[in-house]
file data.pdb (PDB, C-alpha atoms and all ligand atoms)
ATOM      1  CA  ASP A 562     -20.448  16.979   0.395
ATOM      2  CA  LEU A 563     -21.988  13.829  -0.997
ATOM      3  CA  ALA A 564     -23.650  15.432  -4.020
ATOM      4  CA  GLY A 565     -20.263  16.867  -4.944
ATOM      5  CA  ILE A 566     -18.576  13.485  -4.585
ATOM      6  CA  GLU A 567     -21.204  11.719  -6.649
ATOM      7  CA  GLN A 568     -21.006  14.354  -9.339
ATOM      8  CA  ALA A 569     -17.217  14.065  -9.376
ATOM      9  CA  VAL A 570     -17.482  10.288  -9.647
ATOM     10  CA  ALA A 571     -20.067  10.550 -12.438
ATOM     11  CA  THR A 572     -17.886  12.933 -14.424
ATOM     12  CA  GLY A 573     -14.747  10.924 -13.839
ATOM     13  CA  ALA A 574     -13.078  13.719 -11.829
ATOM     14  CA  LEU A 575     -12.282  11.497  -8.874
ATOM     15  CA  PRO A 576     -11.647  13.267  -5.579
ATOM     16  CA  GLY A 577      -8.863  10.798  -4.725
ATOM     17  CA  TRP A 578      -6.611  10.341  -1.786
ATOM     18  CA  ASP A 579      -6.168  14.041  -1.020
ATOM     19  CA  ARG A 580      -9.689  13.945   0.483
ATOM     20  CA  VAL A 581      -9.500  10.463   2.001
ATOM     21  CA  GLU A 582     -10.101  11.653   5.595
ATOM     22  CA  GLU A 583     -13.374  13.313   4.628
ATOM     23  CA  LEU A 584     -14.433  10.429   2.367
ATOM     24  CA  VAL A 585     -14.006   7.833   5.127
ATOM     25  CA  VAL A 586     -16.208   9.879   7.463
ATOM     26  CA  GLU A 587     -18.731  10.356   4.660
ATOM     27  CA  ALA A 588     -18.867   6.637   3.739
ATOM     28  CA  HIS A 589     -19.430   5.835   7.417
ATOM     29  CA  ARG A 590     -22.160   8.454   7.918
ATOM     30  CA  ARG A 591     -23.928   7.561   4.699
ATOM     31  CA  HIS A 592     -24.420   3.871   5.579
ATOM     32  CA  SER A 593     -24.811   3.944   9.357
ATOM     33  CA  ALA A 594     -28.622   4.008   9.174
ATOM     34  CA  ASP A 595     -28.881   0.766   7.181
ATOM     35  CA  ASP A 596     -30.171  -1.931   9.514
ATOM     36  CA  SER A 597     -30.854  -4.729   7.048
ATOM     37  CA  GLY A 598     -29.395  -8.205   7.504
ATOM     38  CA  ALA A 599     -29.036 -10.334  10.637
ATOM     39  CA  VAL A 600     -26.292 -11.018  13.192
ATOM     40  CA  ALA A 601     -24.818 -14.549  12.829
ATOM     41  CA  ASP A 602     -25.776 -16.838  15.678
ATOM     42  CA  TYR A 603     -24.540 -20.314  14.672
ATOM     43  CA  ILE A 604     -21.567 -19.534  16.901
ATOM     44  CA  PRO A 605     -23.627 -18.748  20.042
ATOM     45  CA  LEU A 606     -21.459 -15.877  21.339
ATOM     46  CA  LEU A 607     -21.563 -13.994  18.021
ATOM     47  CA  GLY A 608     -25.350 -13.704  18.411
ATOM     48  CA  ALA A 609     -24.739 -11.426  21.412
ATOM     49  CA  ALA A 610     -22.942  -8.747  19.324
ATOM     50  CA  ASP A 611     -24.371  -5.209  19.369
ATOM     51  CA  PRO A 612     -25.786  -4.779  15.828
ATOM     52  CA  SER A 613     -25.460  -1.001  15.958
ATOM     53  CA  LEU A 614     -21.640  -1.134  15.978
ATOM     54  CA  PHE A 615     -20.072   0.228  12.793
ATOM     55  CA  GLY A 616     -16.384   0.954  12.271
ATOM     56  CA  LEU A 617     -14.506   1.979   9.149
ATOM     57  CA  ALA A 618     -10.791   2.583   8.532
ATOM     58  CA  VAL A 619      -8.478   3.240   5.608
ATOM     59  CA  VAL A 620      -4.699   2.830   5.749
ATOM     60  CA  ASP A 621      -2.699   3.950   2.747
ATOM     61  CA  ALA A 622       0.434   2.240   1.506
ATOM     62  CA  SER A 623       2.606   4.926   3.076
ATOM     63  CA  GLY A 624       1.062   4.314   6.520
ATOM     64  CA  GLY A 625      -1.469   7.181   6.715
ATOM     65  CA  VAL A 626      -4.395   6.123   8.929
ATOM     66  CA  HIS A 627      -8.022   7.306   8.721
ATOM     67  CA  ASP A 628     -10.618   5.943  11.178
ATOM     68  CA  ALA A 629     -14.362   6.574  11.553
ATOM     69  CA  GLY A 630     -17.050   5.386  14.001
ATOM     70  CA  ASP A 631     -16.259   2.238  16.010
ATOM     71  CA  ALA A 632     -12.972   1.631  14.157
ATOM     72  CA  LEU A 633     -11.246   0.631  17.414
ATOM     73  CA  HIS A 634     -13.934  -1.815  18.599
ATOM     74  CA  GLU A 635     -12.548  -5.387  18.879
ATOM     75  CA  PHE A 636     -14.276  -8.405  17.354
ATOM     76  CA  SER A 637     -13.126 -11.907  16.394
ATOM     77  CA  ILE A 638     -11.465 -11.996  12.975
ATOM     78  CA  GLN A 639     -13.195 -15.271  11.909
ATOM     79  CA  SER A 640     -12.830 -16.062   8.200
ATOM     80  CA  ILE A 641     -10.677 -13.029   7.472
ATOM     81  CA  SER A 642      -7.878 -14.979   9.193
ATOM     82  CA  LYS A 643      -7.946 -17.357   6.199
ATOM     83  CA  MET A 644      -6.286 -14.929   3.787
ATOM     84  CA  PHE A 645      -3.438 -14.066   6.138
ATOM     85  CA  VAL A 646      -2.790 -17.690   7.151
ATOM     86  CA  TYR A 647      -2.815 -18.507   3.431
ATOM     87  CA  ALA A 648      -0.146 -15.846   2.858
ATOM     88  CA  LEU A 649       1.989 -17.386   5.637
ATOM     89  CA  ALA A 650       1.528 -20.877   4.146
ATOM     90  CA  ILE A 651       2.634 -19.734   0.656
ATOM     91  CA  GLN A 652       5.588 -17.938   2.214
ATOM     92  CA  ALA A 653       6.621 -21.265   3.793
ATOM     93  CA  HIS A 654       5.878 -23.687   0.923
ATOM     94  CA  GLY A 655       5.826 -21.661  -2.294
ATOM     95  CA  HIS A 656       3.080 -20.963  -4.785
ATOM     96  CA  ALA A 657       2.906 -24.314  -6.635
ATOM     97  CA  ARG A 658       2.638 -26.657  -3.665
ATOM     98  CA  VAL A 659      -0.107 -24.668  -1.961
ATOM     99  CA  ARG A 660      -1.977 -24.242  -5.268
ATOM    100  CA  ASP A 661      -1.951 -28.006  -5.836
ATOM    101  CA  ILE A 662      -3.022 -28.967  -2.326
ATOM    102  CA  VAL A 663      -5.568 -26.235  -1.600
ATOM    103  CA  GLY A 664      -6.609 -24.913  -5.047
ATOM    104  CA  VAL A 665      -7.588 -21.460  -6.322
ATOM    105  CA  ASN A 666     -11.055 -21.894  -7.858
ATOM    106  CA  ASN A 667     -14.398 -20.709  -6.503
ATOM    107  CA  THR A 668     -16.759 -23.454  -5.335
ATOM    108  CA  GLY A 669     -19.926 -21.435  -6.035
ATOM    109  CA  LEU A 670     -21.254 -22.915  -2.795
ATOM    110  CA  ALA A 671     -21.513 -21.744   0.819
ATOM    111  CA  PHE A 672     -18.343 -21.313   2.899
ATOM    112  CA  ASN A 673     -19.015 -24.381   5.051
ATOM    113  CA  SER A 674     -20.355 -26.663   2.310
ATOM    114  CA  VAL A 675     -19.672 -30.389   2.689
ATOM    115  CA  MET A 676     -21.168 -30.985  -0.748
ATOM    116  CA  ALA A 677     -18.491 -28.791  -2.391
ATOM    117  CA  LEU A 678     -15.815 -31.091  -0.974
ATOM    118  CA  GLU A 679     -17.643 -34.260  -2.027
ATOM    119  CA  LEU A 680     -18.380 -32.962  -5.522
ATOM    120  CA  ASN A 681     -14.687 -32.291  -6.088
ATOM    121  CA  GLY A 682     -13.276 -35.649  -4.992
ATOM    122  CA  GLY A 683     -12.218 -34.249  -1.618
ATOM    123  CA  HIS A 684     -10.310 -31.292  -3.105
ATOM    124  CA  PRO A 685     -11.105 -28.178  -1.075
ATOM    125  CA  MET A 686     -10.907 -25.932  -4.204
ATOM    126  CA  ASN A 687      -9.720 -22.736  -2.481
ATOM    127  CA  PRO A 688      -8.345 -21.526   0.870
ATOM    128  CA  MET A 689     -11.227 -19.132   1.629
ATOM    129  CA  VAL A 690     -13.904 -21.773   2.260
ATOM    130  CA  ASN A 691     -13.686 -23.638   5.564
ATOM    131  CA  ALA A 692     -12.391 -26.911   4.035
ATOM    132  CA  GLY A 693      -9.564 -25.116   2.203
ATOM    133  CA  ALA A 694      -8.748 -22.993   5.242
ATOM    134  CA  ILE A 695      -8.471 -26.097   7.437
ATOM    135  CA  ALA A 696      -6.165 -27.683   4.810
ATOM    136  CA  THR A 697      -4.117 -24.450   4.784
ATOM    137  CA  THR A 698      -3.809 -24.367   8.576
ATOM    138  CA  ALA A 699      -2.509 -27.959   8.378
ATOM    139  CA  LEU A 700       0.263 -26.679   6.063
ATOM    140  CA  MET A 701       1.582 -24.192   8.635
ATOM    141  CA  THR A 702       5.094 -25.051   9.727
ATOM    142  CA  GLY A 703       5.700 -26.218  13.287
ATOM    143  CA  ALA A 704       6.366 -29.562  14.948
ATOM    144  CA  ASP A 705       2.904 -29.794  16.505
ATOM    145  CA  ALA A 706      -0.440 -28.015  16.748
ATOM    146  CA  ASP A 707       0.800 -25.635  19.471
ATOM    147  CA  GLU A 708       3.723 -24.503  17.349
ATOM    148  CA  LYS A 709       1.477 -23.979  14.299
ATOM    149  CA  TRP A 710      -0.853 -21.880  16.462
ATOM    150  CA  GLU A 711       2.039 -19.787  17.793
ATOM    151  CA  ARG A 712       3.265 -19.097  14.247
ATOM    152  CA  ILE A 713      -0.216 -18.131  13.098
ATOM    153  CA  ARG A 714      -0.705 -15.774  16.023
ATOM    154  CA  ASP A 715       2.733 -14.193  15.559
ATOM    155  CA  GLY A 716       2.246 -13.923  11.794
ATOM    156  CA  LEU A 717      -1.187 -12.296  11.967
ATOM    157  CA  SER A 718       0.094  -9.961  14.692
ATOM    158  CA  ALA A 719       2.960  -8.886  12.395
ATOM    159  CA  PHE A 720       0.406  -8.078   9.669
ATOM    160  CA  ALA A 721      -1.510  -5.952  12.219
ATOM    161  CA  GLY A 722       1.555  -4.390  13.849
ATOM    162  CA  ARG A 723       0.424  -5.288  17.360
ATOM    163  CA  GLU A 724      -0.043  -8.485  19.348
ATOM    164  CA  LEU A 725      -3.589  -9.568  18.537
ATOM    165  CA  PRO A 726      -5.570 -10.616  21.624
ATOM    166  CA  PHE A 727      -7.152 -14.083  21.739
ATOM    167  CA  ASP A 728     -10.855 -14.269  22.617
ATOM    168  CA  ASP A 729     -11.151 -17.363  24.786
ATOM    169  CA  GLU A 730     -14.938 -17.075  25.092
ATOM    170  CA  VAL A 731     -15.490 -16.972  21.321
ATOM    171  CA  TYR A 732     -13.110 -19.924  20.893
ATOM    172  CA  HIS A 733     -14.964 -22.063  23.474
ATOM    173  CA  SER A 734     -18.337 -21.020  22.111
ATOM    174  CA  GLU A 735     -17.349 -22.151  18.611
ATOM    175  CA  MET A 736     -15.680 -25.367  19.837
ATOM    176  CA  LYS A 737     -19.030 -26.384  21.339
ATOM    177  CA  THR A 738     -20.813 -26.080  17.991
ATOM    178  CA  ASN A 739     -18.016 -27.103  15.648
ATOM    179  CA  GLU A 740     -19.262 -30.463  14.347
ATOM    180  CA  ARG A 741     -19.388 -29.354  10.735
ATOM    181  CA  ASN A 742     -15.773 -28.156  10.673
ATOM    182  CA  ARG A 743     -14.667 -31.366  12.377
ATOM    183  CA  ALA A 744     -16.579 -33.282   9.703
ATOM    184  CA  LEU A 745     -14.783 -31.268   6.984
ATOM    185  CA  GLY A 746     -11.425 -32.027   8.660
ATOM    186  CA  ARG A 747     -12.174 -35.747   8.774
ATOM    187  CA  LEU A 748     -13.355 -35.798   5.167
ATOM    188  CA  LEU A 749     -10.099 -34.089   4.135
ATOM    189  CA  SER A 750      -8.181 -36.795   6.040
ATOM    190  CA  SER A 751     -10.232 -39.548   4.440
ATOM    191  CA  TYR A 752      -9.271 -38.229   1.003
ATOM    192  CA  GLY A 753      -5.602 -38.015   2.017
ATOM    193  CA  ARG A 754      -5.636 -34.216   1.795
ATOM    194  CA  LEU A 755      -4.803 -33.451   5.407
ATOM    195  CA  THR A 756      -1.918 -34.953   7.333
ATOM    196  CA  GLY A 757      -1.839 -35.090  11.108
ATOM    197  CA  ASP A 758      -4.749 -35.255  13.532
ATOM    198  CA  SER A 759      -7.675 -33.475  11.883
ATOM    199  CA  ASP A 760      -9.358 -32.577  15.191
ATOM    200  CA  GLU A 761      -6.137 -30.881  16.345
ATOM    201  CA  ILE A 762      -5.926 -28.923  13.087
ATOM    202  CA  VAL A 763      -9.573 -27.844  13.404
ATOM    203  CA  ASP A 764      -8.749 -26.724  16.943
ATOM    204  CA  VAL A 765      -5.926 -24.485  15.617
ATOM    205  CA  TYR A 766      -8.221 -23.204  12.838
ATOM    206  CA  THR A 767     -10.873 -22.338  15.449
ATOM    207  CA  ARG A 768      -8.235 -20.495  17.491
ATOM    208  CA  GLN A 769      -7.097 -18.435  14.506
ATOM    209  CA  CYS A 770     -10.754 -17.415  13.950
ATOM    210  CA  ALA A 771     -10.952 -16.241  17.600
ATOM    211  CA  LEU A 772      -8.104 -13.709  17.350
ATOM    212  CA  ASN A 773      -9.491 -10.246  17.996
ATOM    213  CA  VAL A 774      -9.027  -7.354  15.589
ATOM    214  CA  THR A 775     -10.545  -3.917  14.960
ATOM    215  CA  ALA A 776     -11.553  -2.348  11.635
ATOM    216  CA  HIS A 777      -8.361  -0.305  12.044
ATOM    217  CA  ASP A 778      -6.269  -3.500  12.402
ATOM    218  CA  LEU A 779      -7.904  -4.966   9.290
ATOM    219  CA  ALA A 780      -6.941  -1.872   7.311
ATOM    220  CA  VAL A 781      -3.303  -2.148   8.499
ATOM    221  CA  MET A 782      -3.252  -5.891   7.697
ATOM    222  CA  GLY A 783      -4.696  -5.269   4.231
ATOM    223  CA  ALA A 784      -2.341  -2.344   3.623
ATOM    224  CA  THR A 785       0.585  -4.706   4.316
ATOM    225  CA  LEU A 786      -0.578  -6.806   1.343
ATOM    226  CA  ALA A 787      -1.123  -3.608  -0.697
ATOM    227  CA  ASP A 788       2.417  -2.545   0.148
ATOM    228  CA  GLY A 789       4.116  -5.675  -1.241
ATOM    229  CA  GLY A 790       4.347  -7.391   2.148
ATOM    230  CA  VAL A 791       5.837  -4.580   4.248
ATOM    231  CA  ASN A 792       3.621  -3.302   7.077
ATOM    232  CA  PRO A 793       3.432   0.418   6.192
ATOM    233  CA  VAL A 794       2.929   1.436   9.837
ATOM    234  CA  THR A 795       5.711  -0.588  11.516
ATOM    235  CA  GLY A 796       8.034  -0.939   8.500
ATOM    236  CA  GLU A 797       8.383  -4.696   9.133
ATOM    237  CA  ARG A 798       8.511  -7.065   6.130
ATOM    238  CA  VAL A 799       5.947  -9.780   6.861
ATOM    239  CA  VAL A 800       5.782 -11.710   3.540
ATOM    240  CA  SER A 801       7.308 -11.334   0.064
ATOM    241  CA  ALA A 802       5.755  -9.326  -2.776
ATOM    242  CA  ASP A 803       5.065 -12.572  -4.704
ATOM    243  CA  VAL A 804       3.065 -13.909  -1.770
ATOM    244  CA  CYS A 805       0.936 -10.728  -1.783
ATOM    245  CA  ARG A 806       0.153 -11.157  -5.479
ATOM    246  CA  ASP A 807      -0.845 -14.822  -5.029
ATOM    247  CA  THR A 808      -2.958 -14.097  -1.956
ATOM    248  CA  LEU A 809      -4.825 -11.167  -3.505
ATOM    249  CA  ALA A 810      -5.613 -13.180  -6.656
ATOM    250  CA  VAL A 811      -7.264 -15.917  -4.594
ATOM    251  CA  VAL A 812      -9.066 -13.382  -2.396
ATOM    252  CA  ALA A 813     -10.461 -11.681  -5.534
ATOM    253  CA  ALA A 814     -11.779 -15.029  -6.807
ATOM    254  CA  SER A 815     -13.347 -16.333  -3.586
ATOM    255  CA  GLY A 816     -13.080 -13.848  -0.683
ATOM    256  CA  LEU A 817     -16.824 -13.176  -0.595
ATOM    257  CA  TYR A 818     -17.727 -16.820  -1.300
ATOM    258  CA  GLU A 819     -20.482 -17.364  -3.853
ATOM    259  CA  ARG A 820     -20.905 -13.564  -4.131
ATOM    260  CA  SER A 821     -17.292 -12.994  -5.177
ATOM    261  CA  GLY A 822     -18.074 -12.481  -8.862
ATOM    262  CA  GLU A 823     -20.796  -9.962  -8.130
ATOM    263  CA  TRP A 824     -18.508  -8.072  -5.740
ATOM    264  CA  LEU A 825     -15.659  -7.949  -8.242
ATOM    265  CA  PHE A 826     -18.061  -6.798 -10.960
ATOM    266  CA  GLU A 827     -19.528  -3.971  -8.849
ATOM    267  CA  ILE A 828     -16.608  -2.939  -6.611
ATOM    268  CA  GLY A 829     -13.521  -4.248  -8.386
ATOM    269  CA  LEU A 830     -11.249  -4.978  -5.390
ATOM    270  CA  PRO A 831     -10.083  -8.187  -3.691
ATOM    271  CA  ALA A 832     -11.975  -8.408  -0.387
ATOM    272  CA  LYS A 833     -12.431 -10.937   2.409
ATOM    273  CA  SER A 834     -15.325 -11.157   4.835
ATOM    274  CA  GLY A 835     -15.850 -12.827   8.209
ATOM    275  CA  VAL A 836     -19.011 -13.977   9.906
ATOM    276  CA  SER A 837     -18.571 -11.643  12.904
ATOM    277  CA  GLY A 838     -19.097  -8.701  10.490
ATOM    278  CA  GLY A 839     -15.651  -7.637   9.291
ATOM    279  CA  ILE A 840     -14.494  -7.036   5.710
ATOM    280  CA  VAL A 841     -11.066  -6.024   4.441
ATOM    281  CA  ALA A 842     -10.579  -4.794   0.858
ATOM    282  CA  VAL A 843      -7.158  -4.236  -0.696
ATOM    283  CA  SER A 844      -6.131  -1.852  -3.437
ATOM    284  CA  PRO A 845      -2.649  -3.024  -4.549
ATOM    285  CA  GLY A 846      -0.076  -0.260  -4.325
ATOM    286  CA  LYS A 847      -2.558   2.167  -2.783
ATOM    287  CA  GLY A 848      -3.846   0.853   0.544
ATOM    288  CA  ALA A 849      -6.701  -0.996   2.206
ATOM    289  CA  ALA A 850     -10.030  -0.460   3.901
ATOM    290  CA  GLY A 851     -11.273  -2.344   6.965
ATOM    291  CA  ALA A 852     -14.915  -2.258   8.019
ATOM    292  CA  PHE A 853     -16.981  -3.862  10.752
ATOM    293  CA  SER A 854     -20.689  -4.108  11.449
ATOM    294  CA  PRO A 855     -22.362  -7.295  12.700
ATOM    295  CA  ARG A 856     -25.468  -7.583  10.499
ATOM    296  CA  LEU A 857     -24.883  -9.980   7.562
ATOM    297  CA  ASP A 858     -26.568 -10.759   4.251
ATOM    298  CA  SER A 859     -27.601 -14.308   3.323
ATOM    299  CA  ALA A 860     -24.092 -15.245   2.095
ATOM    300  CA  GLY A 861     -22.564 -14.229   5.453
ATOM    301  CA  ASN A 862     -21.105 -10.849   4.435
ATOM    302  CA  SER A 863     -21.626  -7.684   6.531
ATOM    303  CA  VAL A 864     -24.176  -5.400   4.885
ATOM    304  CA  ARG A 865     -22.830  -2.048   6.119
ATOM    305  CA  ALA A 866     -19.207  -3.085   5.595
ATOM    306  CA  GLN A 867     -19.945  -3.947   1.956
ATOM    307  CA  LEU A 868     -21.796  -0.656   1.434
ATOM    308  CA  ALA A 869     -19.121   1.487   3.080
ATOM    309  CA  ILE A 870     -16.244  -0.175   1.235
ATOM    310  CA  GLY A 871     -18.174  -0.003  -2.047
ATOM    311  CA  HIS A 872     -18.723   3.699  -1.438
ATOM    312  CA  LEU A 873     -15.010   4.243  -0.783
ATOM    313  CA  SER A 874     -13.981   2.214  -3.826
ATOM    314  CA  ARG A 875     -16.086   4.512  -5.982
ATOM    315  CA  SER A 876     -15.220   7.807  -4.300
ATOM    316  CA  LEU A 877     -11.493   7.030  -4.204
ATOM    317  CA  GLY A 878     -11.536   5.557  -7.701
ATOM    318  CA  LEU A 879     -10.098   2.181  -6.600
ATOM    319  CA  ASN A 880     -11.837  -0.249  -8.973
ATOM    320  CA  LEU A 881      -8.964  -2.216 -10.557
ATOM    321  CA  PHE A 882     -10.721  -2.632 -13.863
TER     322      PHE A 882
HETATM  323  O1  LIG B   1     -15.433 -21.784  10.727
HETATM  324  C1  LIG B   1     -16.365 -21.010  10.861
HETATM  325  O2  LIG B   1     -17.507 -21.278  10.514
HETATM  326  C2  LIG B   1     -16.061 -19.631  11.456
HETATM  327  N1  LIG B   1     -15.005 -19.742  12.419
HETATM  328  C3  LIG B   1     -15.668 -18.664  10.395
HETATM  329  C4  LIG B   1     -16.670 -18.555   9.269
HETATM  330  C5  LIG B   1     -16.724 -17.230   8.621
HETATM  331  O3  LIG B   1     -16.268 -16.231   9.131
HETATM  332  C6  LIG B   1     -17.477 -17.180   7.348
HETATM  333  N2  LIG B   1     -17.529 -15.826   6.861
HETATM  334  N3  LIG B   1     -18.323 -15.139   6.401
END
call {"tool": "encode", "arguments": {"input": "data.pdb", "output": "structure tokens"}}
result
Amino acid sequence: DLAGIEQAVATGALPGWDRVEELVVEAHRRHSADDSGAVADYIPLLGAADPSLFGLAVVDASGGVHDAGDALHEFSIQSISKMFVYALAIQAHGHARVRDIVGVNNTGLAFNSVMALELNGGHPMNPMVNAGAIATTALMTGADADEKWERIRDGLSAFAGRELPFDDEVYHSEMKTNERNRALGRLLSSYGRLTGDSDEIVDVYTRQCALNVTAHDLAVMGATLADGGVNPVTGERVVSADVCRDTLAVVAASGLYERSGEWLFEIGLPAKSGVSGGIVAVSPGKGAAGAFSPRLDSAGNSVRAQLAIGHLSRSLGLNLF
């Protein structure tokens, strides 16, 4: 029971992974009544999401799977795609080149800030904000935009261990209201930080954001990074162990945007959020949690997903520090 868990946490006698099944159900039950925050609606179709949905999943580094609530409900991955595309880009180009082009420092500003790009001489600063993610998508290998898109879809599907479906409606809905991302793409081009046609790259970036996942998929994808790049469910090596280390360092610094410091201070795990309501948090060597609920706080991070993952980090004793 919860009192028992909290007492165990307070006394340092952590319940641990032997009770993970029960703890996932408990974290889900405990936070399912919270209805604070608001569903994002700047992408029109996201505004239609059912705010009561709430899924939670944990996958451990040996492939054990624990789901609760709406863990198998599909939603568009949105910004969470950025960390996995970043991993694929480092795998292709190596640590130094991607660090120099995209950067690894927090902007302290909102994920879609134009000012952050201007203030830094056109340098996107990190791959988790939209400007840096668009620059990262441009780095994907492939002769043209279609080939880059194919490699992103195949790569993210390998992280998830199943072919991720593409949500055409979400893609078209975002393409209709995508002026700001196109502006970021053009600014990157104007500063010589994006090669190729920026509108085509923004199109691929918008497609990657419209891949559908579940909280369960997010946990498998995160567990692949926890497991040194091998998907613990399928056994497939997706990226190298070095790529996992680089990716998780950047996710820890900027995965929750301007709230990343606060998150790391309170929860102590690298985590990435998306505006449709998903969050994935990774505990290196141990596993990952995926959570989904559409209501967001003012920085664009799902309220229930943060609470549930925070609860699990404490009850499983995952804080890295
Ligand atoms: O580019 C955008 O604005 C969206 N496709 C993704 C933004 C997002 O998920 C921000 N996350 N909290």
call {"tool": "closest_residue", "arguments": {"input": "data.pdb", "among": "A:Glu823, A:Glu711, A:Asp764, A:Asp611", "to": "ligand LIG 1 (chain B)", "atoms": "only C-alpha atoms and all ligand atoms"}}
result
A:Asp764
call {"tool": "residues_near_ligand", "arguments": {"input": "data.pdb", "ligand": "ligand LIG 1 (chain B)", "cutoff": "8 Å", "atoms": "all atoms listed in the file", "output": "PDB file with C-alpha atoms, in the frame of the given file"}}
result
ATOM      1  CA  ILE A 604     -21.567 -19.534  16.901  1.00  0.00           C
ATOM      2  CA  ILE A 638     -11.465 -11.996  12.975  1.00  0.00           C
ATOM      3  CA  GLN A 639     -13.195 -15.271  11.909  1.00  0.00           C
ATOM      4  CA  SER A 640     -12.830 -16.062   8.200  1.00  0.00           C
ATOM      5  CA  ILE A 641     -10.677 -13.029   7.472  1.00  0.00           C
ATOM      6  CA  PHE A 672     -18.343 -21.313   2.899  1.00  0.00           C
ATOM      7  CA  ASN A 673     -19.015 -24.381   5.051  1.00  0.00           C
ATOM      8  CA  VAL A 690     -13.904 -21.773   2.260  1.00  0.00           C
ATOM      9  CA  ASN A 691     -13.686 -23.638   5.564  1.00  0.00           C
ATOM     10  CA  GLU A 735     -17.349 -22.151  18.611  1.00  0.00           C
ATOM     11  CA  ASN A 739     -18.016 -27.103  15.648  1.00  0.00           C
ATOM     12  CA  ASN A 742     -15.773 -28.156  10.673  1.00  0.00           C
ATOM     13  CA  TYR A 766      -8.221 -23.204  12.838  1.00  0.00           C
ATOM     14  CA  THR A 767     -10.873 -22.338  15.449  1.00  0.00           C
ATOM     15  CA  CYS A 770     -10.754 -17.415  13.950  1.00  0.00           C
ATOM     16  CA  ALA A 771     -10.952 -16.241  17.600  1.00  0.00           C
ATOM     17  CA  LEU A 817     -16.824 -13.176  -0.595  1.00  0.00           C
ATOM     18  CA  TYR A 818     -17.727 -16.820  -1.300  1.00  0.00           C
ATOM     19  CA  SER A 834     -15.325 -11.157   4.835  1.00  0.00           C
ATOM     20  CA  GLY A 835     -15.850 -12.827   8.209  1.00  0.00           C
ATOM     21  CA  VAL A 836     -19.011 -13.977   9.906  1.00  0.00           C
ATOM     22  CA  SER A 837     -18.571 -11.643  12.904  1.00  0.00           C
ATOM     23  CA  GLY A 838     -19.097  -8.701  10.490  1.00  0.00           C
ATOM     24  CA  ALA A 860     -24.092 -15.245   2.095  1.00  0.00           C
ATOM     25  CA  GLY A 861     -22.564 -14.229   5.453  1.00  0.00           C
ATOM     26  CA  ASN A 862     -21.105 -10.849   4.435  1.00  0.00           C
TER      27      ASN A 862
END
call {"tool": "atom_distance", "arguments": {"input": "data.pdb", "atom1": "atom CA of Ser876 of chain A", "atom2": "atom CA of Leu584 of chain A"}}
result
7.2 Å
call {"tool": "closest_residue", "arguments": {"input": "data.pdb", "among": "A:Thr697, A:Ser734, A:Thr702, A:Ser642", "to": "Ala609 of chain A", "atoms": "all atoms listed in the file"}}
result
A:Ser734
call {"tool": "residues_around", "arguments": {"input": "data.pdb", "residues": "Leu725 of chain A", "least_positions_apart": "6", "cutoff": "12 Å", "atoms": "all atoms listed in the file", "output": "list in words"}}
result
Glu635, Phe636, Ser637, Ile638, Ser642, Glu711, Ile713, Arg714, Asp715, Gly716, Leu717, Ser718, Ala719, Arg768, Gln769, Cys770, Ala771, Leu772, Asn773, Val774, Thr775, Asp778, Leu779 and Met782 of chain A
call {"tool": "residues_around", "arguments": {"input": "data.pdb", "residues": "Leu825 of chain A", "least_positions_apart": "2", "cutoff": "12 Å", "atoms": "only C-alpha atoms", "output": "PyMOL selection string"}}
result
chain A and resi 810+812-823+827-833+842-843+867+871+874+879-882
call {"tool": "resolve_selection", "arguments": {"input": "data.pdb", "expression": "the PyMOL selection byres (((chain A and resi 628) around 7) and not hetatm)", "output": "list in words"}}
result
Leu617, Ala618, Val619, Val626, His627, Ala629, Ala632 and His777 of chain A
call {"tool": "resolve_selection", "arguments": {"input": "data.pdb", "expression": "the PyMOL selection byres (((chain A and resi 578) around 10) and not hetatm)", "output": "list in words"}}
result
Leu575, Pro576, Gly577, Asp579, Arg580, Val581, Glu582, Glu583, Leu584, Asp621, Lys847, Ser876, Leu877 and Gly878 of chain A
call {"tool": "residues_near_point", "arguments": {"input": "data.pdb", "point": "(-9.3, -20.5, -0.9)", "cutoff": "9 Å", "atoms": "only C-alpha atoms", "output": "JSON, numbers by chain"}}
result
{"A": [643, 644, 647, 663, 664, 665, 666, 667, 685, 686, 687, 688, 689, 690, 691, 692, 693, 694, 697, 811, 812, 814, 815, 816]}
call {"tool": "closest_residue", "arguments": {"input": "data.pdb", "among": "A:Ala696, A:Ile870, A:Val585, A:Val864", "to": "Ala599 of chain A", "atoms": "all atoms listed in the file"}}
result
A:Val864
call {"tool": "axis_aligned_box", "arguments": {"input": "data.pdb", "around": "segment 801-819 of chain A", "padding_each_side": "5 Å", "output": "lines of an AutoDock Vina configuration file"}}
result
center_x = -6.6
center_y = -13.3
center_z = -3.4
size_x = 37.8
size_y = 18.0
size_z = 16.9
call {"tool": "closest_residue", "arguments": {"input": "data.pdb", "among": "A:Asp760, A:Asp596, A:Glu679, A:Asp661", "to": "Ala699 of chain A", "atoms": "only C-alpha atoms"}}
result
A:Asp760
call {"tool": "resolve_selection", "arguments": {"input": "data.pdb", "expression": "the PyMOL selection byres (((chain A and resi 652) around 12) and not hetatm)", "output": "PyMOL selection string"}}
result
chain A and resi 645-651+653-659+697+700-702+716+790+798-808
call {"tool": "residues_around", "arguments": {"input": "data.pdb", "residues": "Asn792 of chain A", "least_positions_apart": "5", "cutoff": "10 Å", "atoms": "only C-alpha atoms", "output": "NGL selection string"}}
result
:A and (622-624 or 719-722 or 781-787 or 797-800)
call {"tool": "closest_residue", "arguments": {"input": "data.pdb", "among": "A:Ala866, A:Leu873, A:Trp824, A:Arg723", "to": "Val841 of chain A", "atoms": "all atoms listed in the file"}}
result
A:Ala866
call {"tool": "decode", "arguments": {"input": "data.pdb", "residues": "segment 797-801 of chain A", "atoms": "C-alpha atoms", "output": "short mmCIF file (atom, residue, chain, number, x, y, z; two decimals), in the first residue's frame"}}
result
data_model
loop_
_atom_site.label_atom_id
_atom_site.label_comp_id
_atom_site.auth_asym_id
_atom_site.auth_seq_id
_atom_site.Cartn_x
_atom_site.Cartn_y
_atom_site.Cartn_z
CA GLU A 797 18.06 -5.95 -31.87
CA ARG A 798 21.01 -3.53 -31.56
CA VAL A 799 19.68 -0.14 -32.67
CA VAL A 800 22.56 2.24 -31.74
CA SER A 801 25.91 1.93 -29.95
#
